[in-house]
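A short write-up of the structure that comes next.
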Amino acid sequence: MATALVSSASGLIAMLHEPHPALKLHALTNINTFVDIFWHEISTDITSLESLYEDDSFDQRPLAALVVSKVFYHLGEPNESLLYALRAQSLFDVSEDSEYTHTLLAKAIDEYASLRTRAAESNASTVTVDPRLEAIVERMLEKCIVDGKYQQALGIALECRRLDKLEESIMRSDNVMGMLTYCMSISQTFVNQRKYRHEVLKILVKIYQSLPSPDYLSISQCLMFLDDPGTVASMLEILLKGDKDANLLGYQVAFDLYENERQPFLLKVRDHLPEARVLTPLEVPEGATNSSQDPENVMEHTPASMEIAEDGNQPSEVQTVGHHGNAVDNEEARKYAEKLAKLKKILTGETPIHLTLQFLYGHNRSDILILKTIKQSVELRNSVCHSATIYANALMHAGTTVDTFLRENLDWLSRATNWAKFSATAGLGVIHRGHLQQGRSLMAPYLPQNGATSGGSPYSEGGALYALGLIHANHGEGIKQFLIESLKNTNNEVIQHGACLGLGLAALGTADEEIYDDIKGVVYTDSAVAGEAAGISMGLLMVGTKSDKAEEMLTYAHDTNHEKITRGLALGIALTVYGREEDADTLIEQMTRDQNPILRYGGMYALALAYRGTANNKAIRRLLHFAVSDVSDDVRRTAVLALGFVLYSEPEQTPRIVSLLSESYNAHVRYGAALAVGISCAGTGLPEAISLLEPLTSDVVDFVRQGALIAMAMVLIQTTEAREPRVGSFRRQLEKIILDKHEDTMSKMGAILATGILDAGGRNVTIALQSRTKHDRITAVIGMAVFSQFWYWYPLIYFVSLSFSPTAFIGLNHDLNMPKFTFLSEAKSSMFGYPPPTAPPVAASAIKLPTAVLSTSARAKARAKKESDMKHATEKSILEESSQPTTHTNGAIRASKAGKEERKDDDAMQVDSPAEKKTEVEHPSGELLHNPARVVPAQEKYIKFLDGSRYVPLKTAPSGFVMLKDLEPSEPEVLVSSDAPASSAPGSTSSGQAVQSNMVAEEEPQPPQPFEYVA
Amino acid sequence: MDSKIAQTQALFEKFKGAYAKKDFETSCTLLSQLKVKLTEFQSLPPLFRQTSTAVAELQLARSIFEHAVVLSIMTEDQEAFERHFLQLKPYYSDTRSVIPPSAEEYPILGLNLLRLLVQNRIAEFHTELELLSPATLENPCIKYAVELEQSFMEGAYNRVLSARQSVPHETYEYFMDLLAKTVRDEIAGCSEKVYDYLSLSDAKKMLMFSTDQELLTYAEEEHPDWEISKGCIYFQRAKETVHREIPSLPLINQTLGYARELERIV
């Protein structure tokens, strides 16, 4: 029998109008079945369906509602559709697998979420949520959980602000830990309301703690965001009292906390920890041997011991026990105190900074030849390029303590006068960044002598104070007092300038009232130079506090006649609202509506910093609005630039968003676009970002070129040619610009700075505005924000060094020493290795000679020299490894590793082989790295820890500080020999000489002997 | 199932009896019962279940609806006509392959066309027409309706009215009566547009009324806005013409706004 197909629903619709209810019902049921096909016919008659729903005498009203809902859905009226779906009550089946159901569910959840959000924001129950809507959402959640789609359930619950359901979805899932991590990450990325995020975090902490084996690492992160130092401290205490593994975990927690760089919080945690209260004669020397390199360790213990000694009336329990001679308890207490001391040193940053310094020093691979080339090509009279070279040197050696270049070229350096002198001196601070113990003595020759006006120029004195700030940035406990005194003791505005900047850096975010008042005094002297620095400094001091001091600053910014002071204050105000998101809106509104363009400019920074890394749509919209509508070029430039800050958590988005702006007719907007990409995509090597910046590096306007070059360097930092071939061409472009006599100063300066940034920190740092746990690094972001001010004031360039983050894996054992530990990087070494050192200038400038022979021999010499110098260093370059004559069987890897290098440096190999005696088993699928090792962020996913090695890392992320668990504690540990620069203060003349000579030798080969060219 | 058909069949016979006796009231109640019975048959549209009794069911149902359509003409109930026709239509269009065509199909289709014409739903009229095959168009019942529509559109109203004499089917007469009124409305509508006023006698002639009284009643009922005085009908044309002003000021503002925005963009 042939089949019949329905061609129209008109018959059914007609039947709806039949007076008999049975017929209506029949028609309705059939319509419901066919509505997806004939909705267009039904839609013309929707009113009759609606009236059917409203007809009280009709007993199938929900069915009518369901049909109406479906028709509205097809008509593209989701609101109406949802309304009727709700009226359909239980007939609306959430588990139905149809497009209609999916769409409506999504709509329902959206609607519910927005209602809940509104209700939460208005803090009142004025917004009543339809219980039917709530029922649908709850049904949906239940279904998700039952189906095992926990992440979906969690997401919905989070969006709908149903914390009860959130908890339920986590607890009922089969992978509670995974869910918690997931929840943690989405609460950071998708919840754009601080208050609500805190609530979520509180729940998370609660769940974490209720677990049988709490994940202390995650809890501590949550607590940090909740700003709850007390709980963190007590947690750490518990861990310290536990067994060895627990202790390790405690240290790891401390390191992780440290990495987020919240100085005030860390200090509070430290203060919450109990004092190391035990008094034994053994204690002091024990502490000292523990870390023999820093005398301050002893210092730290002494006051504690003294306190106890004086505190005779209430001797602690431990002490009493100790007096009674219970050796075991005493021993335990002593150990505990020791551990506590270690923990505190991690929290204050002392240990991590020391280790970082050690790493950067030991692994320094900066290429002084590049600097030499720059130095030679820069005209002596051109002071801008001269100081740019000094900046570049400082950045290249940031944190490495290698100041050879400066020491070698004192004569050349002395051409820096006035402010150039200021920045030259301050540059030392960048180079010695983190050199906490020796910082002061290093800078001593330049520092102002107390009271008396010393022989030094105020510029170098001011610069030295600024340098001290840079050295102690964010860890200024020790130096604060000195800086305050220096500030008080001077009336010279240059010194004040330096002292203010230094103080701001050292006391970053501490909100210290006393310091604030001192700096305020400087502002009120109404000196333009000092006032600008003071304005910024006030902001640094009050970072993220949203203190009402901002009002005060704003008032003065209006009163003063000096643009510089206004600008400094504007930036300072912006800094105070760092990370406050919607809390900052009133202030931002006030600033962005101001008559004064400088304050509007500050408003842009406020937007940037308040919404840093949130990718908040509202903020982006406002910035884009200002970028195209403001009358002042400065404001427009900053608005575009600020986009970079808002978007740094999603670097892929930035090139897309600013791509139009980068083609603007307005050069300022183009400049802003370049820097925005530079800031948000820093260190990513993102191809889109490079493609966007490339045309800008040859823009018609000089300052755009400058910005683009700097931004490009920021994007390409630590990117190898193997990963992104455009790095090579960029380096060549920089060289060309620097060498070109006709290039104008602006872009030349940009190129010099870019060179510095590209090889920053001895090629061992990247620019990271986010920590490894994807949280914002407050110092880095602020450093970057102040850095972007260099448009007005070059010395602020040094702030970029705050955003440098060493790309290191530093494994530590129980005693916080580095044991020998090997792990694997499953990638070609050329992917993530150091760029090859540049050829010496002889080769570059050889005139039409067959240079091949000369260059290799020169290289070979260079290599040989380097080898002999670095024999003591444990780290070995890949190149050297590849040239070992050990395993020729592994042809494939060897070929991939050595590649062209091997071919090129044939004779270099011969020199190398005897130098490098240690044999190392080649791993078949990559290269072996040795603790501490350079691991660039992109490399992390290739890192594998080897099975069967003695140590097991405590956390999976292969970067930063990682505690290693010793599986064979009975065996003696082999430690990595420390090559700390700190042990023999290089600042002091005698011992400094040794270090220096050491470094000099490393740096440049002798030019080849004079020769005669015989054809 | 068979018993159900038999029952319905019996009921249908009863209905036909009442229908033949022109007892419309009884027929209507019986029809209503019949329709409820029909809902129980699975093979009917829109489900088209292929049951063993499908053919019988379909034929029975079709017959019932055909009678229902005619009945609604008898009772002069246009709404019911439409309803029943629409329910009947699937039997013509969708079941062609299952059951043999009905003798009543073309007259009823033609009736429907006529109805649309009467109700002045010209668009739907043509839609229906499009659904018919060219051969069908040759059928006298359909052709009649099509020709009527053509005359109607041309404005040859006299031909429309004279066509009443040549109806192909007795049921068509009802609609032809109604059509006269539709034509009159159409003329009245045109007159409103064309004339400022018309004398009563002219209007009478034009609107095909035999007495003034009829004309006045019509004017009163259908067009209360007509003003009748001094032996003339005044169509208040002035009232309809609304002066359309160009909103110059807002337009200027808008254009300026665009210009400004354009300048700002990038």
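By convention in this document, the chains of the structure tokens carry letters A, B, ... by their order, each chain's residues are numbered from 1, and ligands are numbered from 1 in the order they are shown.
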Expected answer as a ChimeraX atom specification: chain B residues within 9 Å of chain A, only C-alpha atoms: /B:32,35-36,39,45-50,80,82-90,93-98,261,264-266
For the residues in that selection, give me C-alpha atoms as an mmCIF file, in the first residue's frame.
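To be explicit, this is the file written out as again31.cif:
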```cif
data_model
loop_
_atom_site.group_PDB
_atom_site.id
_atom_site.type_symbol
_atom_site.label_atom_id
_atom_site.label_comp_id
_atom_site.auth_asym_id
_atom_site.auth_seq_id
_atom_site.Cartn_x
_atom_site.Cartn_y
_atom_site.Cartn_z
ATOM 1 C CA SER B 32 -20.366 16.435 15.503
ATOM 2 C CA LYS B 35 -16.216 13.766 13.778
ATOM 3 C CA VAL B 36 -15.409 12.676 17.310
ATOM 4 C CA THR B 39 -10.550 10.981 15.739
ATOM 5 C CA PRO B 45 -4.626 12.329 8.472
ATOM 6 C CA PRO B 46 -2.307 13.415 9.806
ATOM 7 C CA LEU B 47 -1.168 10.088 11.195
ATOM 8 C CA PHE B 48 -1.774 7.894 8.146
ATOM 9 C CA ARG B 49 -1.149 4.664 9.977
ATOM 10 C CA GLN B 50 -1.206 1.844 7.499
ATOM 11 C CA ALA B 80 -17.949 25.789 9.204
ATOM 12 C CA GLU B 82 -13.901 26.605 5.732
ATOM 13 C CA ARG B 83 -13.226 24.341 8.678
ATOM 14 C CA HIS B 84 -14.669 21.303 7.036
ATOM 15 C CA PHE B 85 -13.069 22.008 3.741
ATOM 16 C CA LEU B 86 -9.645 22.305 5.320
ATOM 17 C CA GLN B 87 -10.134 19.033 7.075
ATOM 18 C CA LEU B 88 -11.305 17.474 3.905
ATOM 19 C CA LYS B 89 -8.428 18.731 1.840
ATOM 20 C CA PRO B 90 -5.815 16.225 3.030
ATOM 21 C CA SER B 93 -4.201 16.035 -1.709
ATOM 22 C CA ASP B 94 -2.403 13.479 0.434
ATOM 23 C CA THR B 95 -4.278 10.230 -0.054
ATOM 24 C CA ARG B 96 -4.457 10.174 -3.787
ATOM 25 C CA SER B 97 -2.259 7.117 -3.881
ATOM 26 C CA VAL B 98 -4.337 5.236 -1.357
ATOM 27 C CA GLU B 261 30.631 59.105 13.841
ATOM 28 C CA ARG B 264 35.616 59.308 14.634
ATOM 29 C CA ILE B 265 35.883 55.741 13.493
ATOM 30 C CA VAL B 266 39.528 54.784 13.465
#
```
Residue contacts of stretch 810-827 of chain A (9 Å, only C-alpha atoms) excluding same-chain residues fewer than 2 positions away, as a VMD selection string: chain A and resid 244 to 245 247 to 248 251 290 to 291 339 342 351 355 to 356 359 808 829 to 832 923 925 to 935 939 to 946 949 to 951 953 958 to 966 973 to 978
Backbone-only DSSP, helix (DSSP H, G or I) members of stretch 661-836 of chain A, as a ChimeraX atom specification: /A:661-663,667-680,687-696,702-716,726-739,745-758,760-763,778-791,794-803,829-832
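Within stretch 728-810 of chain A, DSSP run on the backbone puts these residues in strand (DSSP E or B): Val765, Thr766, Ile767, Gln770, Asp776, Phe804, Ser805, Pro806, Ala808, Phe809 and Ile810 of chain A.
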I need the residues from that last selection saved to file as a short mmCIF file (atom, residue, chain, number, x, y, z; two decimals), in the first residue's frame (with N, CA and C atoms), if you can.
```cif
data_model
loop_
_atom_site.label_atom_id
_atom_site.label_comp_id
_atom_site.auth_asym_id
_atom_site.auth_seq_id
_atom_site.Cartn_x
_atom_site.Cartn_y
_atom_site.Cartn_z
N VAL A 765 65.03 35.01 31.01
CA VAL A 765 63.76 35.47 31.56
C VAL A 765 62.79 35.69 30.42
N THR A 766 61.53 35.65 30.80
CA THR A 766 60.50 36.01 29.86
C THR A 766 59.66 37.10 30.51
N ILE A 767 58.81 37.71 29.72
CA ILE A 767 57.91 38.69 30.32
C ILE A 767 56.62 37.95 30.64
N GLN A 770 51.36 36.96 34.12
CA GLN A 770 50.58 36.01 34.89
C GLN A 770 51.52 35.00 35.52
N ASP A 776 47.34 36.84 38.36
CA ASP A 776 48.11 38.00 37.95
C ASP A 776 49.31 38.19 38.85
N PHE A 804 59.93 40.86 34.34
CA PHE A 804 60.72 39.71 33.92
C PHE A 804 60.53 38.57 34.90
N SER A 805 60.37 37.39 34.35
CA SER A 805 60.21 36.24 35.23
C SER A 805 61.17 35.16 34.75
N PRO A 806 62.02 34.68 35.62
CA PRO A 806 63.00 33.69 35.18
C PRO A 806 62.31 32.40 34.72
N ALA A 808 62.75 29.13 34.79
CA ALA A 808 63.65 28.15 35.38
C ALA A 808 62.87 27.05 36.06
N PHE A 809 63.48 25.89 36.04
CA PHE A 809 63.00 24.83 36.91
C PHE A 809 64.04 24.70 38.01
N ILE A 810 63.61 24.94 39.23
CA ILE A 810 64.56 24.84 40.32
C ILE A 810 64.02 23.80 41.30
#
```
Between atom CA of A:Val577 and atom CA of A:Ala639, distance in Å (one decimal): 16.6 Å
Nearby residues (only C-alpha atoms) at most 7 Å from stretch 189-199 of chain B, same-chain spacing under 5 positions excluded, as a ChimeraX atom specification: /B:231-235,237
